[in-house]
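Text of run33.txt (compact mmCIF, C-alpha atoms) as supplied:
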```
# COMPACT_ATOMS: atom_id res chain seq x y z
CA MET D 29 26.07 -48.56 -72.26
CA HIS D 30 29.45 -48.22 -74.02
CA ALA D 31 28.01 -46.93 -77.29
CA HIS D 32 29.38 -43.85 -79.04
CA TYR D 33 27.37 -41.62 -81.35
CA VAL D 34 28.00 -38.47 -83.39
CA SER D 35 25.06 -36.54 -84.75
CA PRO D 36 25.10 -35.67 -88.46
CA ARG D 37 23.89 -32.23 -87.36
CA LEU D 38 27.05 -31.81 -85.28
CA ILE D 39 29.19 -32.74 -88.28
CA GLU D 40 27.35 -30.21 -90.45
CA GLU D 41 27.68 -27.46 -87.83
CA ALA D 42 31.40 -28.20 -87.51
CA ARG D 43 31.72 -28.06 -91.29
CA ARG D 44 29.99 -24.67 -91.50
CA ASN D 45 31.20 -22.96 -88.31
CA GLY D 46 34.11 -25.05 -87.09
CA ALA D 47 36.29 -22.07 -86.17
CA ASP D 48 33.81 -21.24 -83.38
CA TYR D 49 34.67 -24.58 -81.77
CA GLY D 50 38.33 -24.91 -82.72
CA VAL D 51 37.62 -27.71 -85.21
CA ALA D 52 37.27 -28.25 -88.95
CA VAL D 53 35.78 -30.97 -91.14
CA ASP D 54 37.83 -32.35 -94.04
CA MET D 55 36.19 -34.34 -96.82
CA LEU D 56 38.02 -37.36 -98.21
CA ALA D 57 37.96 -38.43 -101.85
CA ASP D 58 35.60 -41.30 -100.99
CA GLY D 59 33.04 -38.88 -99.53
CA ARG D 60 33.71 -39.60 -95.88
CA ALA D 61 34.24 -36.76 -93.41
CA CYS D 62 37.09 -36.37 -90.89
CA LEU D 63 37.09 -34.09 -87.88
CA ARG D 64 40.26 -32.10 -87.38
CA PHE D 65 41.17 -30.06 -84.34
CA ILE D 66 42.61 -26.83 -85.70
CA ASP D 67 45.55 -26.94 -83.27
CA GLY D 68 45.64 -30.71 -82.91
CA PRO D 69 45.13 -34.09 -84.56
CA THR D 70 42.91 -35.24 -87.39
CA LEU D 71 40.63 -38.07 -86.33
CA ARG D 72 39.70 -41.24 -88.12
CA PRO D 73 36.89 -40.81 -90.68
CA PHE D 74 33.34 -40.97 -89.39
CA PHE D 75 31.64 -44.23 -90.31
CA ARG D 76 27.96 -44.87 -90.81
CA GLU D 77 27.34 -46.92 -87.67
CA LEU D 78 28.78 -44.07 -85.59
CA THR D 79 26.46 -41.44 -87.06
CA ASP D 80 23.14 -43.28 -87.49
CA LEU D 81 20.91 -44.37 -84.61
CA ALA D 82 18.22 -46.05 -86.71
CA ILE D 83 20.69 -48.47 -88.26
CA ARG D 84 21.42 -49.87 -84.80
CA LEU D 85 17.86 -50.94 -84.02
CA PRO D 86 17.76 -54.29 -85.88
CA GLY D 87 20.97 -55.41 -84.21
CA MET D 88 19.73 -54.26 -80.80
CA ASP D 89 16.49 -56.18 -81.31
CA ALA D 90 18.35 -59.30 -82.39
CA GLU D 91 20.50 -59.15 -79.24
CA GLY D 92 17.60 -58.37 -76.93
CA ILE D 93 18.89 -54.88 -76.11
CA ALA D 94 15.96 -52.64 -75.26
CA LEU D 95 17.88 -49.48 -74.39
CA GLN D 96 21.25 -48.11 -75.51
CA ILE D 97 22.97 -45.25 -73.67
CA VAL D 98 24.87 -43.23 -76.26
CA SER D 99 27.86 -41.00 -75.52
CA THR D 100 30.09 -38.82 -77.60
CA TRP D 101 32.97 -40.36 -79.53
CA THR D 102 35.82 -40.00 -77.03
CA ASP D 103 38.33 -39.10 -79.74
CA MET D 104 36.46 -35.84 -80.30
CA GLN D 105 35.70 -34.90 -76.69
CA GLY D 106 37.88 -31.80 -76.96
CA ASP D 107 39.58 -31.53 -73.57
CA ASP D 108 42.61 -29.86 -75.18
CA LEU D 109 40.66 -26.99 -76.71
CA PRO D 110 40.90 -23.48 -75.24
CA ALA D 111 38.33 -23.02 -72.48
CA GLU D 112 35.79 -20.95 -74.41
CA GLN D 113 35.84 -23.22 -77.44
CA GLY D 114 35.78 -26.26 -75.16
CA ARG D 115 32.57 -25.03 -73.53
CA ARG D 116 30.94 -24.42 -76.91
CA TRP D 117 32.06 -27.81 -78.23
CA ALA D 118 30.73 -29.69 -75.20
CA ARG D 119 27.41 -27.86 -75.46
CA LEU D 120 27.09 -28.74 -79.16
CA GLN D 121 27.81 -32.40 -78.47
CA ASN D 122 25.27 -32.53 -75.64
CA GLU D 123 22.51 -30.65 -77.45
CA THR D 124 22.78 -32.78 -80.59
CA LEU D 125 22.94 -36.03 -78.62
CA ALA D 126 19.87 -35.08 -76.60
CA GLU D 127 17.85 -34.01 -79.63
CA ASP D 128 18.66 -37.09 -81.70
CA VAL D 129 17.77 -39.63 -79.02
CA ARG D 130 14.35 -37.96 -78.66
CA ALA D 131 13.58 -39.20 -82.17
CA HIS D 132 13.68 -42.79 -80.82
CA PRO D 133 11.84 -42.63 -77.48
CA GLY D 134 12.49 -45.56 -75.20
CA ARG D 135 15.36 -46.97 -77.29
CA PHE D 136 18.18 -44.51 -76.60
CA GLU D 137 19.25 -42.16 -73.85
CA ALA D 138 22.05 -39.60 -74.02
CA MET D 139 25.13 -39.47 -71.80
CA GLY D 140 26.65 -36.02 -71.44
CA THR D 141 30.19 -34.72 -71.86
CA LEU D 142 31.87 -31.88 -69.95
CA PRO D 143 34.52 -29.26 -70.85
CA MET D 144 37.09 -30.60 -68.41
CA GLN D 145 39.68 -27.90 -69.20
CA ASP D 146 37.43 -25.42 -67.35
CA VAL D 147 36.14 -26.72 -64.01
CA GLY D 148 33.63 -23.91 -63.62
CA GLY D 149 32.41 -24.50 -67.15
CA ALA D 150 32.20 -28.24 -66.48
CA ILE D 151 30.00 -27.63 -63.44
CA ALA D 152 27.79 -25.26 -65.41
CA GLU D 153 27.46 -27.77 -68.26
CA LEU D 154 26.66 -30.54 -65.79
CA ASP D 155 23.87 -28.41 -64.34
CA HIS D 156 22.59 -27.73 -67.86
CA ILE D 157 22.49 -31.32 -69.04
CA VAL D 158 20.82 -32.54 -65.85
CA THR D 159 18.24 -29.80 -65.38
CA ARG D 160 17.56 -28.80 -69.00
CA LEU D 161 18.34 -31.91 -71.04
CA GLY D 162 17.33 -34.57 -68.53
CA MET D 163 20.57 -36.55 -68.74
CA ARG D 164 21.40 -38.90 -65.89
CA SER D 165 24.95 -39.87 -66.78
CA ILE D 166 28.22 -38.39 -68.03
CA GLU D 167 31.34 -39.68 -69.75
CA ILE D 168 34.71 -38.23 -68.82
CA GLY D 169 38.26 -39.28 -69.61
CA THR D 170 40.40 -41.29 -67.22
CA HIS D 171 42.60 -38.22 -67.27
CA ALA D 172 41.50 -34.95 -68.72
CA ALA D 173 42.98 -31.62 -69.76
CA GLY D 174 46.37 -32.55 -68.30
CA MET D 175 44.92 -33.39 -64.89
CA GLU D 176 44.48 -36.67 -63.07
CA LEU D 177 40.97 -37.21 -61.73
CA ASP D 178 42.10 -36.83 -58.11
CA HIS D 179 43.43 -33.31 -58.75
CA PRO D 180 42.27 -30.84 -56.07
CA GLU D 181 40.86 -28.50 -58.73
CA LEU D 182 38.33 -31.16 -59.69
CA ARG D 183 36.88 -31.62 -56.20
CA PRO D 184 34.07 -29.07 -56.69
CA LEU D 185 33.06 -30.93 -59.86
CA TRP D 186 32.98 -34.31 -58.08
CA ARG D 187 30.91 -32.70 -55.33
CA ARG D 188 28.36 -31.41 -57.85
CA ILE D 189 28.27 -34.80 -59.59
CA ALA D 190 27.43 -36.39 -56.23
CA GLU D 191 24.75 -33.78 -55.55
CA HIS D 192 23.08 -34.53 -58.86
CA GLY D 193 23.46 -38.27 -58.39
CA VAL D 194 24.52 -38.88 -61.99
CA PHE D 195 26.33 -42.00 -63.16
CA VAL D 196 29.93 -41.46 -64.36
CA LEU D 197 31.46 -43.57 -67.13
CA LEU D 198 35.24 -43.25 -67.07
CA HIS D 199 36.59 -43.73 -70.58
CA PRO D 200 40.25 -43.73 -71.60
CA PRO D 201 41.13 -40.61 -73.61
CA PHE D 202 42.22 -40.25 -77.22
CA ARG D 203 45.84 -40.71 -76.16
CA PRO D 204 46.03 -43.23 -73.29
CA ALA D 205 49.04 -44.22 -71.19
CA ALA D 206 52.12 -45.82 -72.75
CA LEU D 207 50.86 -45.26 -76.28
CA ASP D 208 54.45 -44.94 -77.53
CA ARG D 209 54.96 -48.64 -76.69
CA ALA D 210 51.64 -49.92 -77.97
CA GLY D 211 51.90 -49.57 -81.73
CA ASP D 212 51.77 -53.28 -82.53
CA TYR D 213 49.32 -56.14 -81.94
CA PHE D 214 46.42 -53.77 -81.14
CA LEU D 215 48.13 -53.12 -77.79
CA ASN D 216 46.58 -49.66 -77.62
CA ASN D 217 43.24 -51.34 -76.87
CA VAL D 218 44.59 -54.43 -75.12
CA VAL D 219 47.04 -52.67 -72.79
CA SER D 220 47.02 -48.85 -72.97
CA PHE D 221 43.30 -48.26 -72.44
CA PRO D 222 42.97 -50.65 -69.46
CA LEU D 223 46.23 -49.27 -68.01
CA ASP D 224 44.94 -45.71 -68.16
CA THR D 225 41.69 -46.80 -66.52
CA THR D 226 43.66 -48.57 -63.79
CA PHE D 227 45.67 -45.43 -63.04
CA ALA D 228 42.44 -43.41 -62.76
CA ALA D 229 40.73 -45.92 -60.49
CA ALA D 230 43.80 -46.23 -58.24
CA ARG D 231 44.23 -42.47 -57.92
CA LEU D 232 40.56 -42.02 -57.02
CA LEU D 233 40.68 -44.82 -54.45
CA PHE D 234 43.84 -43.52 -52.80
```
Rendering of file as structure tokens:
Amino acid sequence: MHAHYVSPRLIEEARRNGADYGVAVDMLADGRACLRFIDGPTLRPFFRELTDLAIRLPGMDAEGIALQIVSTWTDMQGDDLPAEQGRRWARLQNETLAEDVRAHPGRFEAMGTLPMQDVGGAIAELDHIVTRLGMRSIEIGTHAAGMELDHPELRPLWRRIAEHGVFVLLHPPFRPAALDRAGDYFLNNVVSFPLDTTFAAARLLF
């Protein structure tokens, strides 16, 4: 279920019309593409396994995995974009995910993403992916758009999530907690990501 995917069609759309979404695509000398937020960071280069569903099938078969639930690459979720661009970016991610998994029926399903910087837009996108795209799960950050997940502004979104009965995967964001102390020993994955998840879980419980 923890399996990220980026559609080549999304990369091409971002390359051609990135300003509409607040992003750009830079090409490296070795031919790989990098996504760059126009007012933010440049991400790691896309790699083949991230952008190709068919290449995963032999490994899935070897491991006895019948179905993989694919979600957007969390680094590029876009919670820091302006609201309008954030809504467009989430829609592009969801539409391309949904279309690509349809090419492999029964082997992949798509998990949606929401524009968390705009609660009304997030609710509208949730309605869209459930009723129009048939998604049954979403991935959101363990904190998003400067808000903790227990923030009062998010209560209408949680209510709509409950009404739809969708599964929620909480995933640490691009910049998790205590990242300034986690530069060595792969501590960003070993400590910062689980710490951020722990904060989110505790805040929701309390």
Got a sec: who's within 7 Å of D:Leu71, counting all atoms listed in the file, leaving out chain neighbours fewer than 6 positions off, as a ChimeraX atom specification? /D:62-64
Take the point (44.4, -34.6, -62.7) as written in the file and pick out every residue within 12 Å of it, counting only C-alpha atoms; give the list as number ranges by chain. D: 144-145, 147, 169-183, 227-228, 231-232
One decimal, in Å: what's the spacing between atom CA of D:Val129 and atom CA of D:Glu40? 17.6 Å
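Residues in contact range of D:Met29, defined as at most 12 Å between only C-alpha atoms, with sequence neighbours fewer than 5 positions away removed, read Ile93, Ala94, Leu95, Gln96, Ile97, Val98, Ser99, Thr100, Arg135, Phe136, Glu137, Ala138, Met139, Ser165, Ile166, Glu167, Phe195, Val196, Leu197, Leu198 and His199 of chain D.
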Kindly indicate which residue among D:Pro73, D:Pro200, D:Pro36, D:Pro184 lies nearest to D:Asp128, using all atoms listed in the file for the distances. D:Pro36
Point-to-point distance from atom CA of D:Arg37 to atom CA of D:Asp54, Å rounded to tenths: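 Answer for the atom CA of D:Arg37 to atom CA of D:Asp54 separation: 15.5 Å.
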